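Just below is one structure, and these are the notes that go with it.
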Amino acid sequence: MPNSKPKPHIANHYLQASIRGAERQGVQREALLESAGVPVAWLNKPEQLISEAQLTRLIKGVWRATRDEFMGLSTSRCKNGMFALMTDYCLGSATLGAVLRKSARFFNIACDNVDIGLGQSNSNKLVFFCLNLHDTSQDTDHLLQEFLMLMWQRFACWLVDQQIPLATTQFSYPAPNHVAEYRAMYPSELQFDESVCGFYLHERYLQLPIIRSEAELAVFLKEAPAYILHRPDHDDSLRNRVRTLLAQRSLKDMPGLDQIAQQLHMTPRSIGRKLQEEGTSLRTIKMSLRRELATKLMSTENLSVADISERVGFSETASFCRAFKRWTGKSPSQWPG
């Protein structure tokens with residue numbers, strides 16, 4: 001059978017977000033969209049999805065027009081070719097940890113307005129890779145921050161030729177209107193309204209060897225940002241398997257570790273150890289599901305706090321209110337104002 005073209009699946013939001021910085025510099029939107037094969041009439045039509053190929057061509061066009069890998073979305077420019085120079089500098093490293101440290105050192109020197117760095121392991125053996133913009137005033141759609149996060153996450157996985165199960169990806173701003181896109185872009189737990197942007201991974205993944213060659217890197221860069229924008233076809237992490245299993249049950253009656261182990265044909269001990277290596281735990285996954293449902297119900301349903309508390313599995317409303325404040329920084333009575 002002939003190969004079918006991938007269906008468009010990227011939110012229309014990214015058309016305007018991608019060209020906003022270039023438009024501020026006087027570049028005509030019609031020229032940018034035409035070069036990407038996107039009809040101008042598609043702008044601001046939420047129902048009109050776009051393809052990875054179209055968004056790839058559009059971003060390439062913005063890079064050329066602005067001469068800026070930050071797409072005109074930062075208070076300071078990042079010259080075209082800077083990311084390629086960084087990858088060339090880092091490719092000879094032995095491990096992923098060395099690449100992350102070198103890439104942070106490179107960009108902190110070469111580009112203003114970015115704060116990049118690899119922290120120390122915490123008590124759960126997780127390390128935090130900070131990837132934050134100092135001044136976000138030009139990144140009104142959060143596109144540059146999203147793109148920086150994707151670049152480092154996807155590049156890290158490409159270098160070691162495996163999907164690294166990241167623990168948490170966090171952002172220094174509230175959940176945006178297009179937050180559903182984040183669920184597909186970042187296969188990890190998501191946290192918003194944090195002090196800085198970045199992501200957590202287990203320290204063991206820093207020791208993964210770099211296996212890519214210079215020839216493979218040349219292809220990667222030639223096709224950029226195609227690989228960065230491509231979403232993983234399948235998340236086969238244990239975290240995702242457990243999360244899928246739990247999501248099929250009522251949050252008031254979620255199974256415990258023993259029941260999950262039986263369903264997955266694993267031992268409770270091996271599940272706990274593997275989840276820890278992936279930077280999470282059964283308790284964290286359950287709490288994440290409760291948090292997502294609670295914020296959704298608070299935003300979309302006309303329910304009392306007591307009703308929502310019960311639906312997400314809390315026996316006491318007061319306990320739910322305390323948890324909600326930890327999750328969002330706001331009490332239920334303040335949400336979503």
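We name chains A, B, ... following the order of the structure tokens; residues begin at 1 in each chain, and ligands are numbered from 1 as shown.
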Run DSSP on the backbone and tell me which residues of stretch 224-295 of chain A come out as alpha helix (DSSP H); list them as an mmCIF file with N, CA and C atoms, in the first residue's frame.
data_model
loop_
_atom_site.group_PDB
_atom_site.id
_atom_site.type_symbol
_atom_site.label_atom_id
_atom_site.label_comp_id
_atom_site.auth_asym_id
_atom_site.auth_seq_id
_atom_site.Cartn_x
_atom_site.Cartn_y
_atom_site.Cartn_z
ATOM 1 N N ALA A 226 12.626 19.964 11.755
ATOM 2 C CA ALA A 226 11.665 18.876 11.573
ATOM 3 C C ALA A 226 11.694 17.876 12.725
ATOM 4 N N TYR A 227 12.910 17.437 13.119
ATOM 5 C CA TYR A 227 12.981 16.421 14.168
ATOM 6 C C TYR A 227 12.497 16.997 15.500
ATOM 7 N N ILE A 228 12.803 18.250 15.724
ATOM 8 C CA ILE A 228 12.414 18.879 16.989
ATOM 9 C C ILE A 228 10.897 18.973 17.100
ATOM 10 N N LEU A 229 10.229 19.250 15.980
ATOM 11 C CA LEU A 229 8.775 19.404 15.998
ATOM 12 C C LEU A 229 8.033 18.078 15.937
ATOM 13 N N LEU A 238 6.935 3.121 31.607
ATOM 14 C CA LEU A 238 6.071 2.512 32.617
ATOM 15 C C LEU A 238 5.142 3.572 33.200
ATOM 16 N N ARG A 239 5.644 4.787 33.352
ATOM 17 C CA ARG A 239 4.802 5.860 33.875
ATOM 18 C C ARG A 239 3.532 6.008 33.043
ATOM 19 N N ASN A 240 3.683 5.987 31.709
ATOM 20 C CA ASN A 240 2.524 6.150 30.840
ATOM 21 C C ASN A 240 1.601 4.947 30.921
ATOM 22 N N ARG A 241 2.155 3.744 31.047
ATOM 23 C CA ARG A 241 1.328 2.541 31.165
ATOM 24 C C ARG A 241 0.514 2.582 32.456
ATOM 25 N N VAL A 242 1.154 2.977 33.548
ATOM 26 C CA VAL A 242 0.450 3.070 34.826
ATOM 27 C C VAL A 242 -0.601 4.174 34.767
ATOM 28 N N ARG A 243 -0.231 5.294 34.191
ATOM 29 C CA ARG A 243 -1.161 6.419 34.082
ATOM 30 C C ARG A 243 -2.394 6.028 33.268
ATOM 31 N N THR A 244 -2.187 5.327 32.145
ATOM 32 C CA THR A 244 -3.300 4.881 31.309
ATOM 33 C C THR A 244 -4.208 3.933 32.064
ATOM 34 N N LEU A 245 -3.593 3.032 32.821
ATOM 35 C CA LEU A 245 -4.372 2.078 33.611
ATOM 36 C C LEU A 245 -5.216 2.793 34.668
ATOM 37 N N LEU A 246 -4.622 3.745 35.362
ATOM 38 C CA LEU A 246 -5.331 4.477 36.412
ATOM 39 C C LEU A 246 -6.438 5.355 35.831
ATOM 40 N N ALA A 247 -6.186 5.931 34.641
ATOM 41 C CA ALA A 247 -7.163 6.838 34.037
ATOM 42 C C ALA A 247 -8.448 6.122 33.651
ATOM 43 N N LEU A 257 -0.689 -0.409 44.572
ATOM 44 C CA LEU A 257 0.490 -0.948 43.901
ATOM 45 C C LEU A 257 0.363 -2.442 43.627
ATOM 46 N N ASP A 258 -0.177 -3.190 44.572
ATOM 47 C CA ASP A 258 -0.298 -4.641 44.384
ATOM 48 C C ASP A 258 -1.223 -4.983 43.232
ATOM 49 N N GLN A 259 -2.353 -4.268 43.138
ATOM 50 C CA GLN A 259 -3.298 -4.523 42.050
ATOM 51 C C GLN A 259 -2.696 -4.159 40.701
ATOM 52 N N ILE A 260 -1.982 -3.036 40.657
ATOM 53 C CA ILE A 260 -1.348 -2.608 39.408
ATOM 54 C C ILE A 260 -0.278 -3.609 38.987
ATOM 55 N N ALA A 261 0.500 -4.080 39.943
ATOM 56 C CA ALA A 261 1.549 -5.057 39.641
ATOM 57 C C ALA A 261 0.951 -6.328 39.049
ATOM 58 N N GLN A 262 -0.177 -6.728 39.587
ATOM 59 C CA GLN A 262 -0.831 -7.933 39.074
ATOM 60 C C GLN A 262 -1.314 -7.726 37.639
ATOM 61 N N GLN A 263 -1.887 -6.564 37.360
ATOM 62 C CA GLN A 263 -2.393 -6.289 36.027
ATOM 63 C C GLN A 263 -1.274 -6.147 34.999
ATOM 64 N N LEU A 264 -0.118 -5.635 35.426
ATOM 65 C CA LEU A 264 1.000 -5.447 34.508
ATOM 66 C C LEU A 264 1.971 -6.624 34.513
ATOM 67 N N PRO A 268 5.531 -5.595 42.685
ATOM 68 C CA PRO A 268 5.423 -4.230 43.216
ATOM 69 C C PRO A 268 6.787 -3.556 43.360
ATOM 70 N N ARG A 269 7.779 -4.339 43.762
ATOM 71 C CA ARG A 269 9.110 -3.765 43.954
ATOM 72 C C ARG A 269 9.703 -3.276 42.637
ATOM 73 N N SER A 270 9.532 -4.057 41.571
ATOM 74 C CA SER A 270 10.104 -3.654 40.286
ATOM 75 C C SER A 270 9.381 -2.434 39.726
ATOM 76 N N ILE A 271 8.071 -2.342 39.961
ATOM 77 C CA ILE A 271 7.326 -1.157 39.516
ATOM 78 C C ILE A 271 7.828 0.083 40.240
ATOM 79 N N GLY A 272 7.968 -0.020 41.570
ATOM 80 C CA GLY A 272 8.458 1.122 42.343
ATOM 81 C C GLY A 272 9.836 1.561 41.903
ATOM 82 N N ARG A 273 10.731 0.582 41.654
ATOM 83 C CA ARG A 273 12.100 0.916 41.240
ATOM 84 C C ARG A 273 12.117 1.568 39.857
ATOM 85 N N LYS A 274 11.345 1.000 38.922
ATOM 86 C CA LYS A 274 11.323 1.538 37.564
ATOM 87 C C LYS A 274 10.713 2.936 37.533
ATOM 88 N N LEU A 275 9.636 3.154 38.277
ATOM 89 C CA LEU A 275 9.036 4.487 38.324
ATOM 90 C C LEU A 275 10.007 5.503 38.916
ATOM 91 N N GLN A 276 10.770 5.077 39.911
ATOM 92 C CA GLN A 276 11.766 5.985 40.500
ATOM 93 C C GLN A 276 12.819 6.360 39.463
ATOM 94 N N GLU A 277 13.234 5.394 38.644
ATOM 95 C CA GLU A 277 14.216 5.683 37.594
ATOM 96 C C GLU A 277 13.650 6.655 36.561
ATOM 97 N N LEU A 282 4.033 6.116 42.087
ATOM 98 C CA LEU A 282 2.604 5.868 41.953
ATOM 99 C C LEU A 282 1.810 7.006 42.586
ATOM 100 N N ARG A 283 2.259 7.483 43.723
ATOM 101 C CA ARG A 283 1.565 8.583 44.402
ATOM 102 C C ARG A 283 1.562 9.841 43.538
ATOM 103 N N THR A 284 2.689 10.132 42.902
ATOM 104 C CA THR A 284 2.785 11.320 42.048
ATOM 105 C C THR A 284 1.857 11.214 40.848
ATOM 106 N N ILE A 285 1.783 10.039 40.236
ATOM 107 C CA ILE A 285 0.911 9.840 39.075
ATOM 108 C C ILE A 285 -0.552 10.013 39.471
ATOM 109 N N LYS A 286 -0.928 9.438 40.595
ATOM 110 C CA LYS A 286 -2.311 9.579 41.062
ATOM 111 C C LYS A 286 -2.644 11.045 41.334
ATOM 112 N N MET A 287 -1.714 11.741 41.977
ATOM 113 C CA MET A 287 -1.965 13.139 42.297
ATOM 114 C C MET A 287 -2.054 13.990 41.033
ATOM 115 N N SER A 288 -1.258 13.643 40.023
ATOM 116 C CA SER A 288 -1.307 14.368 38.758
ATOM 117 C C SER A 288 -2.672 14.214 38.094
ATOM 118 N N LEU A 289 -3.212 13.004 38.104
ATOM 119 C CA LEU A 289 -4.536 12.771 37.530
ATOM 120 C C LEU A 289 -5.600 13.553 38.287
ATOM 121 N N ARG A 290 -5.489 13.565 39.602
ATOM 122 C CA ARG A 290 -6.457 14.318 40.403
ATOM 123 C C ARG A 290 -6.357 15.820 40.111
ATOM 124 N N ARG A 291 -5.121 16.310 40.000
ATOM 125 C CA ARG A 291 -4.915 17.730 39.731
ATOM 126 C C ARG A 291 -5.512 18.117 38.378
ATOM 127 N N GLU A 292 -5.273 17.310 37.345
ATOM 128 C CA GLU A 292 -5.774 17.629 36.003
ATOM 129 C C GLU A 292 -7.298 17.640 35.975
ATOM 130 N N LEU A 293 -7.918 16.637 36.619
ATOM 131 C CA LEU A 293 -9.376 16.602 36.615
ATOM 132 C C LEU A 293 -9.946 17.750 37.439
ATOM 133 N N ALA A 294 -9.323 18.049 38.565
ATOM 134 C CA ALA A 294 -9.829 19.122 39.425
ATOM 135 C C ALA A 294 -9.808 20.466 38.717
ATOM 136 N N THR A 295 -8.693 20.801 38.063
ATOM 137 C CA THR A 295 -8.606 22.097 37.373
ATOM 138 C C THR A 295 -9.568 22.145 36.188
#
query: Which residues come within 10 Å of stretch 216-225 of chain A, counting only C-alpha atoms, excluding same-chain residues fewer than 6 positions away, as a ChimeraX atom specification?
result: /A:52-53,55-57,59-60,81,83-84,87-88,91,147,151,155,158-159
- request: Quick one: pick out all strand (DSSP E) residues within stretch 73-318 of chain A from a backbone DSSP run and write them as a list in words.
  value: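 Written out, the strand (DSSP E) residues of stretch 73-318 of chain A are Val114, Asp115, Ile116, Gly117, Leu118, Leu126, Val127, Phe128, Phe129, Cys130, Leu131, Asn132, Leu133, Thr168, Thr169, Gln170, Glu189, Leu190, Gln191, Gly198, Phe199, Tyr200, Leu201 and His202 of chain A.
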Go through stretch 206-266 of chain A and flag each residue having an atom no more than 12 Å from stretch 314-337 of chain A; for those, report the closest pair of atoms plus their distance in Å to one decimal, using only C-alpha atoms, ordered by chain and rising number, as a Markdown table.
| residue | atom | partner | partner_atom | distance |
| --- | --- | --- | --- | --- |
| A:Ser250 | CA | A:Phe314 | CA | 12.0 |
| A:Leu251 | CA | A:Phe314 | CA | 8.9 |
| A:Lys252 | CA | A:Phe314 | CA | 7.4 |
| A:Asp253 | CA | A:Phe314 | CA | 10.5 |
| A:Met254 | CA | A:Phe314 | CA | 11.8 |
task: Tell me, as number ranges by chain, which residues lie within 9 Å of stretch 16-32 of chain A, counting only C-alpha atoms; anything in the same chain fewer than 3 positions away does not count.
output: A: 12-13, 35-40, 43-44, 55, 58-59, 61-63, 65-66, 70-74, 138-144
Can you write out the residues you just picked, keeping N, CA and C atoms, as a CSV table (one decimal), in the first residue's frame?
chain,number,residue,atom,x,y,z
A,12,ASN,N,-3.7,25.5,15.2
A,12,ASN,CA,-3.7,26.7,14.3
A,12,ASN,C,-3.0,27.9,15.1
A,13,HIS,N,-3.0,27.9,16.4
A,13,HIS,CA,-2.3,28.9,17.2
A,13,HIS,C,-0.9,29.1,16.8
A,35,SER,N,5.6,31.1,1.5
A,35,SER,CA,6.8,30.3,1.4
A,35,SER,C,6.6,28.9,2.1
A,36,ALA,N,5.7,28.9,3.1
A,36,ALA,CA,5.5,27.7,3.9
A,36,ALA,C,4.4,26.8,3.3
A,37,GLY,N,3.7,27.3,2.2
A,37,GLY,CA,2.6,26.6,1.7
A,37,GLY,C,1.4,26.7,2.5
A,38,VAL,N,1.2,27.8,3.2
A,38,VAL,CA,0.0,28.0,4.1
A,38,VAL,C,-0.8,29.1,3.6
A,39,PRO,N,-2.1,28.9,3.3
A,39,PRO,CA,-2.9,30.0,2.8
A,39,PRO,C,-3.1,31.1,3.9
A,40,VAL,N,-3.0,32.3,3.6
A,40,VAL,CA,-3.2,33.4,4.5
A,40,VAL,C,-4.6,33.3,5.2
A,43,LEU,N,-5.1,31.9,8.9
A,43,LEU,CA,-4.7,32.5,10.1
A,43,LEU,C,-5.9,32.7,11.0
A,44,ASN,N,-5.7,32.4,12.3
A,44,ASN,CA,-6.8,32.6,13.3
A,44,ASN,C,-8.0,31.9,13.0
A,55,LEU,N,4.7,23.7,9.5
A,55,LEU,CA,5.3,24.5,10.6
A,55,LEU,C,6.8,24.5,10.4
A,58,LEU,N,7.6,27.1,7.8
A,58,LEU,CA,7.3,28.4,8.3
A,58,LEU,C,8.4,28.9,9.3
A,59,ILE,N,8.9,28.1,10.2
A,59,ILE,CA,9.9,28.5,11.1
A,59,ILE,C,11.2,28.7,10.3
A,61,GLY,N,11.5,29.8,7.3
A,61,GLY,CA,11.3,31.1,6.7
A,61,GLY,C,11.4,32.3,7.7
A,62,VAL,N,11.0,32.1,8.9
A,62,VAL,CA,11.1,33.2,9.9
A,62,VAL,C,12.6,33.3,10.3
A,63,TRP,N,13.3,32.2,10.4
A,63,TRP,CA,14.8,32.3,10.7
A,63,TRP,C,15.5,33.1,9.6
A,65,ALA,N,14.2,35.3,7.5
A,65,ALA,CA,13.7,36.7,7.4
A,65,ALA,C,14.2,37.5,8.5
A,66,THR,N,14.3,37.0,9.7
A,66,THR,CA,14.8,37.7,10.9
A,66,THR,C,16.3,37.6,11.2
A,70,PHE,N,16.1,32.9,17.4
A,70,PHE,CA,15.0,33.2,18.5
A,70,PHE,C,13.8,33.8,17.8
A,71,MET,N,13.7,33.9,16.5
A,71,MET,CA,12.6,34.3,15.7
A,71,MET,C,12.0,35.6,16.0
A,72,GLY,N,12.8,36.5,16.6
A,72,GLY,CA,12.4,37.9,16.9
A,72,GLY,C,11.5,37.9,18.2
A,73,LEU,N,11.6,36.8,19.0
A,73,LEU,CA,10.8,36.6,20.2
A,73,LEU,C,11.6,36.8,21.4
A,74,SER,N,12.8,37.3,21.3
A,74,SER,CA,13.6,37.6,22.5
A,74,SER,C,14.1,39.1,22.4
A,138,GLN,N,8.9,39.8,24.9
A,138,GLN,CA,8.7,39.6,23.5
A,138,GLN,C,8.0,38.3,23.2
A,139,ASP,N,8.1,37.3,24.1
A,139,ASP,CA,7.6,36.0,23.9
A,139,ASP,C,6.1,35.9,24.4
A,140,THR,N,5.3,36.7,23.8
A,140,THR,CA,3.9,36.8,24.4
A,140,THR,C,3.1,35.5,24.2
A,141,ASP,N,3.4,34.7,23.2
A,141,ASP,CA,2.7,33.4,23.0
A,141,ASP,C,3.4,32.2,23.6
A,142,HIS,N,4.5,32.5,24.3
A,142,HIS,CA,5.4,31.4,24.9
A,142,HIS,C,6.0,30.5,23.9
A,143,LEU,N,6.0,30.9,22.6
A,143,LEU,CA,6.5,30.0,21.6
A,143,LEU,C,8.0,29.8,21.7
A,144,LEU,N,8.8,30.8,22.0
A,144,LEU,CA,10.2,30.6,22.1
A,144,LEU,C,10.6,29.7,23.3
Pick from A:Leu15, A:Leu297, A:Ala184, A:Ile164, whichever lies nearest to A:His230 using only C-alpha atoms: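 Closest to A:His230, using only C-alpha atoms: A:Ala184.
Distance annotation: of A:Val160, A:Leu201, A:Ala167, A:Met185, the residue with the minimal separation from A:Gly119 is A:Leu201; atom set is only C-alpha atoms.
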- request: Just give me the gap between atom CA of A:Thr169 and atom CA of A:Pro209 in Å, one decimal is fine.
  value: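 Separation between atom CA of A:Thr169 and atom CA of A:Pro209: 22.8 Å.
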